[in-house]
Structure formats: C-alpha cells, structure tokens
$ cat entry_38.cif   # mmCIF, C-alpha atoms
data_run
loop_
_atom_site.group_PDB
_atom_site.id
_atom_site.type_symbol
_atom_site.label_atom_id
_atom_site.label_comp_id
_atom_site.auth_asym_id
_atom_site.auth_seq_id
_atom_site.Cartn_x
_atom_site.Cartn_y
_atom_site.Cartn_z
ATOM 1 C CA MET A 1 107.515 200.467 92.377
ATOM 2 C CA ALA A 2 104.746 199.041 90.319
ATOM 3 C CA ALA A 3 106.063 200.875 87.314
ATOM 4 C CA ALA A 4 109.487 199.437 87.745
ATOM 5 C CA ALA A 5 108.055 195.961 87.979
ATOM 6 C CA LEU A 6 106.025 196.558 84.888
ATOM 7 C CA VAL A 7 109.105 197.772 83.004
ATOM 8 C CA THR A 8 111.050 194.817 84.212
ATOM 9 C CA PHE A 9 108.286 192.399 83.287
ATOM 10 C CA GLY A 10 107.969 194.001 79.889
ATOM 11 C CA THR A 11 111.637 193.789 79.266
ATOM 12 C CA THR A 12 111.738 190.214 80.291
ATOM 13 C CA SER A 13 108.774 189.378 78.157
ATOM 14 C CA PHE A 14 110.312 191.107 75.189
ATOM 15 C CA GLY A 15 113.517 189.226 75.674
ATOM 16 C CA VAL A 16 111.770 185.856 75.731
ATOM 17 C CA ALA A 17 109.756 186.706 72.669
ATOM 18 C CA LYS A 18 112.836 187.903 70.857
ATOM 19 C CA ALA A 19 114.718 184.713 71.713
ATOM 20 C CA ALA A 20 111.875 182.523 70.628
ATOM 21 C CA ALA A 21 111.459 184.196 67.277
ATOM 22 C CA PRO A 22 114.474 182.696 65.535
ATOM 23 C CA SER A 23 113.352 179.253 66.690
ATOM 24 C CA ALA A 24 110.009 179.797 65.065
ATOM 25 C CA ARG A 25 111.616 180.795 61.802
ATOM 26 C CA ALA A 26 114.236 177.895 61.738
ATOM 27 C CA PRO A 27 113.837 175.575 58.693
ATOM 28 C CA VAL A 28 112.854 171.956 59.294
ATOM 29 C CA THR A 29 115.563 169.569 58.182
ATOM 30 C CA THR A 30 114.428 166.129 56.799
ATOM 31 C CA THR A 31 116.973 163.248 56.603
ATOM 32 C CA THR A 32 116.430 160.725 53.725
ATOM 33 C CA THR A 33 118.289 157.358 53.760
ATOM 34 C CA MET A 34 119.259 156.084 50.214
ATOM 35 C CA GLN A 35 119.479 152.255 49.693
ATOM 36 C CA ALA A 36 122.383 151.008 47.531
ATOM 37 C CA ALA A 37 121.524 149.109 44.328
ATOM 38 C CA PRO A 38 121.928 145.296 44.600
ATOM 39 C CA ASP A 39 125.226 143.861 43.320
ATOM 40 C CA ALA A 40 124.274 141.632 40.370
ATOM 41 C CA SER A 41 127.641 139.875 40.361
ATOM 42 C CA ILE A 42 126.798 137.885 43.476
ATOM 43 C CA HIS A 43 124.120 136.063 41.484
ATOM 44 C CA LEU A 44 126.532 134.840 38.807
ATOM 45 C CA GLN A 45 127.949 132.080 41.024
ATOM 46 C CA PRO A 46 126.185 129.718 43.407
ATOM 47 C CA PRO A 47 126.830 130.094 47.125
ATOM 48 C CA ALA A 48 129.852 128.208 48.384
ATOM 49 C CA ASN A 49 127.679 125.819 50.378
ATOM 50 C CA GLU A 50 125.363 124.914 47.482
ATOM 51 C CA HIS A 51 125.187 121.169 46.756
ATOM 52 C CA CYS A 52 126.483 120.357 43.276
ATOM 53 C CA GLY A 53 124.450 117.653 41.534
ATOM 54 C CA LEU A 54 125.981 114.552 39.974
ATOM 55 C CA PHE A 55 125.258 115.767 36.430
ATOM 56 C CA LYS A 56 125.929 119.450 37.018
ATOM 57 C CA THR A 57 128.857 121.770 36.408
ATOM 58 C CA CYS A 58 129.280 124.160 39.344
ATOM 59 C CA ALA A 59 131.672 126.932 40.273
ATOM 60 C CA SER A 60 133.629 124.415 42.342
ATOM 61 C CA THR A 61 133.951 121.887 39.485
ATOM 62 C CA LYS A 62 137.547 121.441 38.361
ATOM 63 C CA ILE A 63 138.104 121.743 34.641
ATOM 64 C CA GLY A 64 140.042 118.902 33.024
ATOM 65 C CA PHE A 65 142.310 116.334 34.665
ATOM 66 C CA GLY A 66 145.247 117.043 36.934
ATOM 67 C CA LYS A 67 147.473 115.691 39.682
ATOM 68 C CA GLY A 68 145.710 113.428 42.195
ATOM 69 C CA ASP A 69 142.668 112.618 40.039
ATOM 70 C CA PHE A 70 141.362 109.045 40.144
ATOM 71 C CA VAL A 71 139.272 107.972 37.155
ATOM 72 C CA VAL A 72 137.032 104.966 36.502
ATOM 73 C CA ARG A 73 136.138 104.305 32.857
ATOM 74 C CA LEU A 74 133.661 101.925 31.207
ATOM 75 C CA SER A 75 134.188 101.484 27.462
ATOM 76 C CA ALA A 76 132.965 99.519 24.497
ATOM 77 C CA LEU A 77 136.030 97.663 23.259
ATOM 78 C CA GLY A 78 136.782 96.354 19.789
ATOM 79 C CA VAL A 79 139.669 93.905 19.275
ATOM 80 C CA ILE A 80 141.021 93.669 15.722
ATOM 81 C CA THR A 81 143.384 90.725 15.279
ATOM 82 C CA ASN A 82 145.942 91.452 12.597
ATOM 83 C CA ASN A 83 147.762 88.083 12.287
ATOM 84 C CA THR A 84 150.762 89.713 10.683
ATOM 85 C CA GLY A 85 152.726 86.470 10.568
ATOM 86 C CA SER A 86 152.226 82.786 11.351
ATOM 87 C CA ARG A 87 153.690 79.338 10.832
ATOM 88 C CA VAL A 88 151.945 75.947 11.041
ATOM 89 C CA ARG A 89 154.188 72.893 11.319
ATOM 90 C CA LEU A 90 152.959 69.327 10.816
ATOM 91 C CA ALA A 91 155.008 66.260 11.616
ATOM 92 C CA GLU A 92 156.990 65.352 8.514
ATOM 93 C CA GLY A 93 155.689 62.173 6.866
ATOM 94 C CA SER A 94 152.428 62.166 8.857
ATOM 95 C CA PRO A 95 149.101 61.411 7.107
ATOM 96 C CA ALA A 96 148.066 65.048 7.568
ATOM 97 C CA ALA A 97 151.286 66.305 5.945
ATOM 98 C CA THR A 98 150.842 63.901 3.022
ATOM 99 C CA LEU A 99 147.257 65.026 2.391
ATOM 100 C CA ALA A 100 148.142 68.707 2.866
ATOM 101 C CA GLY A 101 151.041 68.505 0.412
ATOM 102 C CA GLY A 102 153.681 69.630 2.886
ATOM 103 C CA ASN A 103 154.430 70.039 6.542
ATOM 104 C CA VAL A 104 155.186 73.773 6.963
ATOM 105 C CA PHE A 105 152.661 76.480 6.030
ATOM 106 C CA ARG A 106 153.235 80.192 6.584
ATOM 107 C CA HIS A 107 150.855 83.141 6.921
ATOM 108 C CA ASN A 108 147.847 80.838 6.991
ATOM 109 C CA THR A 109 146.221 81.300 10.406
ATOM 110 C CA SER A 110 143.359 83.616 11.292
ATOM 111 C CA VAL A 111 141.625 84.707 14.493
ATOM 112 C CA THR A 112 138.223 86.388 14.603
ATOM 113 C CA ASN A 113 137.697 89.973 15.755
ATOM 114 C CA GLN A 114 135.610 90.625 18.849
ATOM 115 C CA ALA A 115 133.819 93.334 20.870
ATOM 116 C CA MET A 116 133.388 93.416 24.653
ATOM 117 C CA PRO A 117 133.039 95.883 27.564
ATOM 118 C CA GLU A 118 136.229 97.145 29.183
ATOM 119 C CA LEU A 119 136.931 98.547 32.660
ATOM 120 C CA THR A 120 139.808 101.005 33.152
ATOM 121 C CA LEU A 121 141.269 102.466 36.343
ATOM 122 C CA GLU A 122 143.499 105.538 35.998
ATOM 123 C CA TYR A 123 145.436 107.702 38.448
ATOM 124 C CA PHE A 124 147.223 110.988 37.698
ATOM 125 C CA LEU A 125 150.679 111.087 39.282
ATOM 126 C CA THR A 126 151.226 114.640 37.985
ATOM 127 C CA ASP A 127 149.239 117.030 35.816
ATOM 128 C CA HIS A 128 150.792 115.419 32.734
ATOM 129 C CA LEU A 129 151.566 111.814 33.718
ATOM 130 C CA SER A 130 149.040 109.081 34.544
ATOM 131 C CA LEU A 131 149.015 105.309 35.018
ATOM 132 C CA ASP A 132 146.071 103.228 33.834
ATOM 133 C CA LEU A 133 145.184 99.557 33.977
ATOM 134 C CA ILE A 134 142.612 97.958 31.657
ATOM 135 C CA ALA A 135 140.681 94.764 32.294
ATOM 136 C CA SER A 136 138.600 92.907 29.711
ATOM 137 C CA SER A 137 138.290 89.407 28.298
ATOM 138 C CA THR A 138 137.287 88.480 24.753
ATOM 139 C CA ARG A 139 136.461 85.183 23.031
ATOM 140 C CA HIS A 140 137.949 84.328 19.631
ATOM 141 C CA GLU A 141 137.651 81.560 17.038
ATOM 142 C CA ALA A 142 140.825 80.346 15.327
ATOM 143 C CA ALA A 143 141.349 78.669 11.950
ATOM 144 C CA ALA A 144 144.331 77.454 9.937
ATOM 145 C CA HIS A 145 144.730 77.078 6.187
ATOM 146 C CA VAL A 146 146.732 73.895 5.749
ATOM 147 C CA GLY A 147 147.675 73.357 2.102
ATOM 148 C CA LYS A 148 145.365 71.010 0.211
ATOM 149 C CA LEU A 149 143.314 70.347 3.347
ATOM 150 C CA GLY A 150 142.024 73.901 3.088
ATOM 151 C CA LYS A 151 140.726 75.983 5.972
ATOM 152 C CA LEU A 152 140.371 73.952 9.172
ATOM 153 C CA ASP A 153 138.725 74.955 12.405
ATOM 154 C CA ALA A 154 141.461 75.264 15.029
ATOM 155 C CA GLY A 155 139.287 75.806 18.128
ATOM 156 C CA SER A 156 138.367 78.750 20.339
ATOM 157 C CA PHE A 157 139.855 80.578 23.302
ATOM 158 C CA TRP A 158 139.378 83.517 25.660
ATOM 159 C CA ILE A 159 142.101 86.087 26.240
ATOM 160 C CA LEU A 160 142.539 88.319 29.287
ATOM 161 C CA PRO A 161 145.119 90.998 28.417
ATOM 162 C CA PRO A 162 145.683 93.265 31.450
ATOM 163 C CA THR A 163 147.666 96.250 30.166
ATOM 164 C CA LEU A 164 149.472 98.803 32.319
ATOM 165 C CA THR A 165 150.098 102.082 30.504
ATOM 166 C CA ALA A 166 151.976 105.262 31.374
ATOM 167 C CA ALA A 167 150.390 108.126 29.431
ATOM 168 C CA TYR A 168 151.482 111.720 28.856
ATOM 169 C CA HIS A 169 148.604 114.229 28.720
ATOM 170 C CA PHE A 170 149.320 117.314 26.652
ATOM 171 C CA ARG A 171 146.644 119.766 27.967
ATOM 172 C CA PRO A 172 146.072 119.383 31.727
ATOM 173 C CA HIS A 173 143.148 121.317 33.238
ATOM 174 C CA LYS A 174 141.527 121.687 29.806
ATOM 175 C CA ARG A 175 138.247 120.171 28.673
ATOM 176 C CA PHE A 176 139.905 118.566 25.627
ATOM 177 C CA ASN A 177 143.071 116.690 26.588
ATOM 178 C CA PRO A 178 144.885 114.401 24.094
ATOM 179 C CA TYR A 179 147.503 111.925 25.271
ATOM 180 C CA ALA A 180 150.029 109.317 24.131
ATOM 181 C CA GLY A 181 151.171 106.307 26.094
ATOM 182 C CA LEU A 182 153.522 103.357 26.352
ATOM 183 C CA GLY A 183 152.712 100.182 28.252
ATOM 184 C CA ILE A 184 153.086 96.457 28.714
ATOM 185 C CA THR A 185 150.517 93.708 28.127
ATOM 186 C CA VAL A 186 150.331 90.281 29.727
ATOM 187 C CA ALA A 187 148.132 88.057 27.509
ATOM 188 C CA ILE A 188 146.543 85.286 29.595
ATOM 189 C CA PHE A 189 144.609 82.616 27.655
ATOM 190 C CA HIS A 190 141.792 80.647 29.294
ATOM 191 C CA ASN A 191 138.706 78.546 28.477
ATOM 192 C CA MET A 192 140.441 76.993 25.459
ATOM 193 C CA HIS A 193 138.429 74.454 23.447
ATOM 194 C CA ALA A 194 139.635 72.123 20.720
ATOM 195 C CA ALA A 195 138.258 72.113 17.207
ATOM 196 C CA LYS A 196 135.671 69.649 15.940
ATOM 197 C CA ASN A 197 136.784 68.948 12.400
ATOM 198 C CA LEU A 198 136.798 65.381 11.042
ATOM 199 C CA ASN A 199 137.483 65.809 7.336
ATOM 200 C CA GLY A 200 137.041 62.073 6.687
ATOM 201 C CA ILE A 201 140.655 61.218 7.544
ATOM 202 C CA GLY A 202 140.318 57.927 9.369
ATOM 203 C CA ASN A 203 137.330 59.407 11.165
ATOM 204 C CA GLY A 204 139.720 61.519 13.258
ATOM 205 C CA ALA A 205 140.307 65.239 13.796
ATOM 206 C CA VAL A 206 143.349 66.985 12.390
ATOM 207 C CA PHE A 207 143.264 69.451 15.299
ATOM 208 C CA ASP A 208 142.087 67.894 18.548
ATOM 209 C CA ALA A 209 143.657 70.181 21.157
ATOM 210 C CA MET A 210 144.023 73.878 21.975
ATOM 211 C CA HIS A 211 146.784 75.085 24.241
ATOM 212 C CA MET A 212 148.218 78.616 24.235
ATOM 213 C CA LYS A 213 150.994 79.893 26.456
ATOM 214 C CA THR A 214 150.882 83.226 28.280
ATOM 215 C CA ASN A 215 152.596 85.946 26.293
ATOM 216 C CA VAL A 216 154.024 89.364 27.197
ATOM 217 C CA GLY A 217 154.473 92.279 24.819
ATOM 218 C CA PRO A 218 154.659 96.067 24.574
ATOM 219 C CA SER A 219 151.739 98.334 23.751
ATOM 220 C CA PHE A 220 151.431 101.840 22.325
ATOM 221 C CA ASN A 221 148.372 104.053 22.497
ATOM 222 C CA LEU A 222 146.858 107.386 21.481
ATOM 223 C CA GLY A 223 143.652 108.934 22.724
ATOM 224 C CA PHE A 224 141.867 111.910 24.226
ATOM 225 C CA ASP A 225 139.561 112.847 27.091
ATOM 226 C CA TYR A 226 136.760 115.408 26.782
ATOM 227 C CA GLN A 227 134.881 116.835 29.765
ATOM 228 C CA LEU A 228 131.125 116.584 29.178
ATOM 229 C CA VAL A 229 129.558 117.919 32.388
ATOM 230 C CA GLY A 230 130.669 117.997 35.998
ATOM 231 C CA ASN A 231 133.094 115.138 36.629
ATOM 232 C CA TRP A 232 131.917 113.123 33.601
ATOM 233 C CA PHE A 233 134.248 112.703 30.618
ATOM 234 C CA PHE A 234 134.192 111.013 27.207
ATOM 235 C CA ASN A 235 137.232 108.955 26.226
ATOM 236 C CA PHE A 236 138.481 107.582 22.916
ATOM 237 C CA ASP A 237 141.548 105.330 22.865
ATOM 238 C CA ILE A 238 143.501 103.216 20.353
ATOM 239 C CA LYS A 239 146.098 100.690 21.515
ATOM 240 C CA GLN A 240 148.476 98.662 19.376
ATOM 241 C CA ILE A 241 149.602 95.554 21.238
ATOM 242 C CA LEU A 242 152.481 93.407 20.017
ATOM 243 C CA LEU A 243 152.156 89.697 20.843
ATOM 244 C CA LEU A 244 154.998 88.258 18.831
ATOM 245 C CA ASN A 245 155.636 84.577 18.192
ATOM 246 C CA GLN A 246 152.600 83.356 20.137
ATOM 247 C CA SER A 247 152.993 79.616 20.750
ATOM 248 C CA VAL A 248 149.958 77.344 20.124
ATOM 249 C CA HIS A 249 149.524 73.555 20.246
ATOM 250 C CA LEU A 250 146.588 72.297 18.177
ATOM 251 C CA SER A 251 146.911 68.510 18.465
ATOM 252 C CA LYS A 252 147.524 65.949 21.171
ATOM 253 C CA ARG A 253 150.768 64.015 21.273
ATOM 254 C CA GLY A 254 149.043 60.758 20.294
ATOM 255 C CA ASN A 255 147.039 62.106 17.371
ATOM 256 C CA PRO A 256 147.545 59.491 14.570
ATOM 257 C CA ILE A 257 146.505 61.902 11.817
ATOM 258 C CA THR A 258 149.070 64.573 12.574
ATOM 259 C CA GLY A 259 151.734 62.260 13.956
ATOM 260 C CA GLY A 260 151.907 64.189 17.230
ATOM 261 C CA ARG A 261 151.466 67.801 18.166
ATOM 262 C CA VAL A 262 150.841 70.489 15.567
ATOM 263 C CA ARG A 263 152.898 73.509 16.547
ATOM 264 C CA VAL A 264 151.774 76.975 15.503
ATOM 265 C CA HIS A 265 153.552 80.285 15.997
ATOM 266 C CA ASP A 266 151.488 83.397 15.350
ATOM 267 C CA ASP A 267 152.127 87.143 15.548
ATOM 268 C CA VAL A 268 148.648 88.218 16.619
ATOM 269 C CA ASN A 269 149.456 91.926 17.242
ATOM 270 C CA PRO A 270 145.883 93.064 18.014
ATOM 271 C CA THR A 271 144.667 96.637 17.596
ATOM 272 C CA VAL A 272 142.337 97.603 20.436
ATOM 273 C CA VAL A 273 139.851 100.458 19.913
ATOM 274 C CA GLY A 274 137.775 101.750 22.820
ATOM 275 C CA ALA A 275 135.215 104.511 23.384
ATOM 276 C CA GLY A 276 133.486 105.110 26.686
ATOM 277 C CA ILE A 277 132.356 107.238 29.592
ATOM 278 C CA GLU A 278 134.554 107.962 32.617
ATOM 279 C CA TYR A 279 134.010 109.529 36.030
ATOM 280 C CA ARG A 280 136.555 111.434 38.117
ATOM 281 C CA PHE A 281 136.650 110.971 41.889
#
$ encode --input "entry_38.cif" --output "structure tokens"
Amino acid sequence: MAAAALVTFGTTSFGVAKAAAPSARAPVTTTTTMQAAPDASIHLQPPANEHCGLFKTCASTKIGFGKGDFVVRLSALGVITNNTGSRVRLAEGSPAATLAGGNVFRHNTSVTNQAMPELTLEYFLTDHLSLDLIASSTRHEAAAHVGKLGKLDAGSFWILPPTLTAAYHFRPHKRFNPYAGLGITVAIFHNMHAAKNLNGIGNGAVFDAMHMKTNVGPSFNLGFDYQLVGNWFFNFDIKQILLLNQSVHLSKRGNPITGGRVRVHDDVNPTVVGAGIEYRF
C-alpha cells in the first residue's frame, strides 16, 4: 500500500517536473515600440489659427487682386498741363487791343504744373474689371501772352477733377498686374483769384477777374499694381485727361481797359502721373 502510494507520488512528481521544464526553457520575448519620425512638412506653413501681422505675408494671404477686393490708395500726384490750344479775344477797338496790336491771340496761354497728394478708392467687380474714383485738388497759376503787351498774369485757381475709371487688369491673382482704363473727368474750378497786373495803362488792370466754368471730358490711363507684402501694393498710374475748349473770363464787364470781358478758350488736356501705396481690404 505504501509502495503504491510512493509509486503514485513519484509518478505525479515526475509529471509535474516534466510539465514545468518546457516553461523554464521558454525564451523571454521583449516588445519594443518604435516612434515615427516627425513630419517636417507641417512646419512649412503656419497653423490655420495663427494671427497674420499687418506687414506679413502668410499662408492665408491672397496673391494679387481679384473679384470683391476693395482697395484704398494714397499717391503722390503730378499734374502736367499741356495747353495744346488756346485763344484770347479782346474787345475790338478797346485800349488793350490797340496796345496789344490786335484783338485775337492764339496759342498764347499757359498754366503752371503742380504736385499734390491723391486719394483713390477702387473696387473689383470681377477678376479683370475694376472701378476706381480719384479725389485730389491742385492750385495753378495762369498767364496769357497778349501781343505787344507781353506775358500778363491771368490769376490763379484750384481744380478738383474727380475721375471715374473702368480698368481692365491683365494678370489677376498675380503679384505684378498691369492694366488699362477708360474714364470720365468732371473738372470743378474753385478758389479763383484775379490777377494783379497794372502795366501802367490808366492805372488799371488788363485782367481783373477769374471765372472758369465746370468742364467734362474723357480720360485714358495705363498703370500697374505690384504686391509688396501682405495686403500692401505699389501702384504707378498715368492718366491723360481731355478738357477741350475750357471757357475762362479774365475781365469784368465794366473794365475800361479791355472794353468788357476778355474771353479765353483753352485746351488744357492735363497729363496726370501718380505713384503710391495701396492697401487691400
């Protein structure tokens, strides 16, 4: 009985030992987690929620102009008066006509050039087509060459020429974008002052008045926009404005020297050159 138990115990013990042996010899498995390399491309663009500074070009900055853009421009403006044609008419038989040696003088008026700031508002109706309106006012001195009387001061005036232009832009959504335009100008004259020339003719002035009527004429322009940084652009623009047959009165009706009003008709036709900085909203 004891022997049987011993055999049984031994068998059982052998079985347990035999079963445990493979477990003792089993290799230990080690799991290693590999980390992926960082994606460098995510650092090439700022996060979508990053604030873009006023003088900064960001990933969200639109290149060039396009439909829906509203632009405000401040330019330095140069006005070149061409005076392509003029006519000064004195009253026939007046003292001024006698001293001048005639009563009609052609191509003898001149108006000074001027420079002033200019404000422009522009809106893009489509990628190619925009409307812009300029506002500026310049002061000019006028003179007339009247035969033997020579060059006489004719007074001074200010001109406000609001011009509405439709422009076609050739390269929308590009940093460099040239354009050509066609518009209309309304020339409004204000702050007109008479001349102060005496010339020893009865101690009176040949020209003692300055009155200019509002004039309307077409305009043509060429220019380009160039994106500097962010929403800031540089603009260069040339406009040719046609103010034909501008009517001017240089003397009062009762002027004894001129025998009434001196009537002048002048084709001013100014060339307007502007260069400035603009911002897109």
$ resolve_selection --input "entry_38.cif" --expression "the PyMOL selection byres ((chain A and resi 143-150) around 6)" --output "list in words"
Ala100, Asn108, Thr109, Ser110, Ala142, Lys151, Leu152, Asp153 and Ala154 of chain A
$ closest_residue --input "entry_38.cif" --among "A:Phe236, A:Phe157, A:Tyr179, A:Phe70" --to "Thr138 of chain A" --atoms "only C-alpha atoms"
A:Phe157
$ residues_around --input "entry_38.cif" --residues "Val262 of chain A" --least-positions-apart "5" --cutoff "10 Å" --atoms "all atoms listed in the file" --output "list in words"
Val88, Arg89, Leu90, Ala91, Asn103, Val206, Phe207, Asp208, Ala209, Met210, Val248, His249, Leu250, Ser251, Lys252, Arg253 and Asn255 of chain A
$ closest_residue --input "entry_38.cif" --among "A:Ile277, A:Ile63, A:Ala187, A:Ala115" --to "Val79 of chain A" --atoms "all atoms listed in the file"
A:Ala115
$ resolve_selection --input "entry_38.cif" --expression "the PyMOL selection byres ((chain A and resi 162) around 9)" --output "NGL selection string"
:A and (133-137 or 160-161 or 163-164 or 184-188)
$ closest_residue --input "entry_38.cif" --among "A:Asp127, A:Asp132, A:Glu92, A:Asp267" --to "Arg73 of chain A" --atoms "only C-alpha atoms"
A:Asp132
$ closest_residue --input "entry_38.cif" --among "A:Val111, A:Leu129, A:Val216, A:Ile241" --to "Phe65 of chain A" --atoms "all atoms listed in the file"
A:Leu129
$ atom_distance --input "entry_38.cif" --atom1 "atom CA of Cys58 of chain A" --atom2 "atom CA of Glu278 of chain A"
18.3 Å
$ atom_distance --input "entry_38.cif" --atom1 "atom CA of Lys213 of chain A" --atom2 "atom CA of Gln246 of chain A"
7.4 Å
$ axis_aligned_box --input "entry_38.cif" --around "segment 57-71 of chain A" --padding-each-side "8 Å" --output "lines of an AutoDock Vina configuration file"
center_x = 138.2
center_y = 117.5
center_z = 37.7
size_x = 34.6
size_y = 35.0
size_z = 25.3
$ closest_residue --input "entry_38.cif" --among "A:Ala97, A:Ile257, A:Ala194, A:Ala76" --to "Gly155 of chain A" --atoms "only C-alpha atoms"
A:Ala194
$ closest_residue --input "entry_38.cif" --among "A:Asp225, A:Pro117, A:Gly53, A:Gly183" --to "His169 of chain A" --atoms "all atoms listed in the file"
A:Asp225
$ atom_distance --input "entry_38.cif" --atom1 "atom CA of Gln227 of chain A" --atom2 "atom CA of Met116 of chain A"
24.0 Å
$ resolve_selection --input "entry_38.cif" --expression "the PyMOL selection byres ((chain A and resi 105) around 6)" --output "list of chain:residue names"
A:Arg87, A:Val88, A:Val104, A:Arg106
$ decode --input "entry_38.cif" --residues "segment 65-112 of chain A" --atoms "C-alpha atoms" --output "PDB file, in the first residue's frame"
ATOM      1  CA  PHE A  65      -6.128  91.347 -56.903  1.00  0.00           C
ATOM      2  CA  GLY A  66      -9.379  89.623 -57.766  1.00  0.00           C
ATOM      3  CA  LYS A  67     -13.157  89.819 -57.617  1.00  0.00           C
ATOM      4  CA  GLY A  68     -14.546  91.500 -54.489  1.00  0.00           C
ATOM      5  CA  ASP A  69     -11.342  93.302 -53.466  1.00  0.00           C
ATOM      6  CA  PHE A  70     -11.691  96.844 -52.120  1.00  0.00           C
ATOM      7  CA  VAL A  71      -8.567  98.999 -52.337  1.00  0.00           C
ATOM      8  CA  VAL A  72      -7.614 102.348 -50.801  1.00  0.00           C
ATOM      9  CA  ARG A  73      -4.642 104.131 -52.386  1.00  0.00           C
ATOM     10  CA  LEU A  74      -2.635 107.201 -51.351  1.00  0.00           C
ATOM     11  CA  SER A  75      -0.415 108.607 -54.106  1.00  0.00           C
ATOM     12  CA  ALA A  76       1.877 111.480 -54.904  1.00  0.00           C
ATOM     13  CA  LEU A  77       0.277 113.166 -57.899  1.00  0.00           C
ATOM     14  CA  GLY A  78       1.895 115.287 -60.584  1.00  0.00           C
ATOM     15  CA  VAL A  79      -0.294 117.355 -62.935  1.00  0.00           C
ATOM     16  CA  ILE A  80       1.335 118.397 -66.217  1.00  0.00           C
ATOM     17  CA  THR A  81      -0.727 120.989 -68.082  1.00  0.00           C
ATOM     18  CA  ASN A  82      -0.184 120.703 -71.809  1.00  0.00           C
ATOM     19  CA  ASN A  83      -2.132 123.734 -73.140  1.00  0.00           C
ATOM     20  CA  THR A  84      -2.363 122.225 -76.590  1.00  0.00           C
ATOM     21  CA  GLY A  85      -4.502 125.062 -77.917  1.00  0.00           C
ATOM     22  CA  SER A  86      -5.876 128.406 -76.749  1.00  0.00           C
ATOM     23  CA  ARG A  87      -7.475 131.621 -77.934  1.00  0.00           C
ATOM     24  CA  VAL A  88      -7.569 135.023 -76.199  1.00  0.00           C
ATOM     25  CA  ARG A  89     -10.106 137.531 -77.506  1.00  0.00           C
ATOM     26  CA  LEU A  90     -10.065 141.228 -76.605  1.00  0.00           C
ATOM     27  CA  ALA A  91     -12.860 143.627 -77.429  1.00  0.00           C
ATOM     28  CA  GLU A  92     -12.155 145.092 -80.855  1.00  0.00           C
ATOM     29  CA  GLY A  93     -11.130 148.756 -80.659  1.00  0.00           C
ATOM     30  CA  SER A  94     -10.517 148.652 -76.889  1.00  0.00           C
ATOM     31  CA  PRO A  95      -7.408 150.326 -75.393  1.00  0.00           C
ATOM     32  CA  ALA A  96      -5.979 146.887 -74.588  1.00  0.00           C
ATOM     33  CA  ALA A  97      -6.449 145.707 -78.189  1.00  0.00           C
ATOM     34  CA  THR A  98      -4.809 148.878 -79.523  1.00  0.00           C
ATOM     35  CA  LEU A  99      -1.767 148.487 -77.263  1.00  0.00           C
ATOM     36  CA  ALA A 100      -1.537 144.737 -77.926  1.00  0.00           C
ATOM     37  CA  GLY A 101      -1.655 145.220 -81.696  1.00  0.00           C
ATOM     38  CA  GLY A 102      -4.739 143.085 -82.233  1.00  0.00           C
ATOM     39  CA  ASN A 103      -7.705 141.558 -80.511  1.00  0.00           C
ATOM     40  CA  VAL A 104      -7.339 137.791 -81.113  1.00  0.00           C
ATOM     41  CA  PHE A 105      -4.261 135.836 -79.981  1.00  0.00           C
ATOM     42  CA  ARG A 106      -3.883 132.077 -80.357  1.00  0.00           C
ATOM     43  CA  HIS A 107      -1.732 129.514 -78.547  1.00  0.00           C
ATOM     44  CA  ASN A 108      -0.602 132.097 -76.016  1.00  0.00           C
ATOM     45  CA  THR A 109      -1.891 130.918 -72.629  1.00  0.00           C
ATOM     46  CA  SER A 110      -0.026 128.866 -70.050  1.00  0.00           C
ATOM     47  CA  VAL A 111      -0.901 127.166 -66.766  1.00  0.00           C
ATOM     48  CA  THR A 112       1.665 126.012 -64.217  1.00  0.00           C
TER      49      THR A 112
END
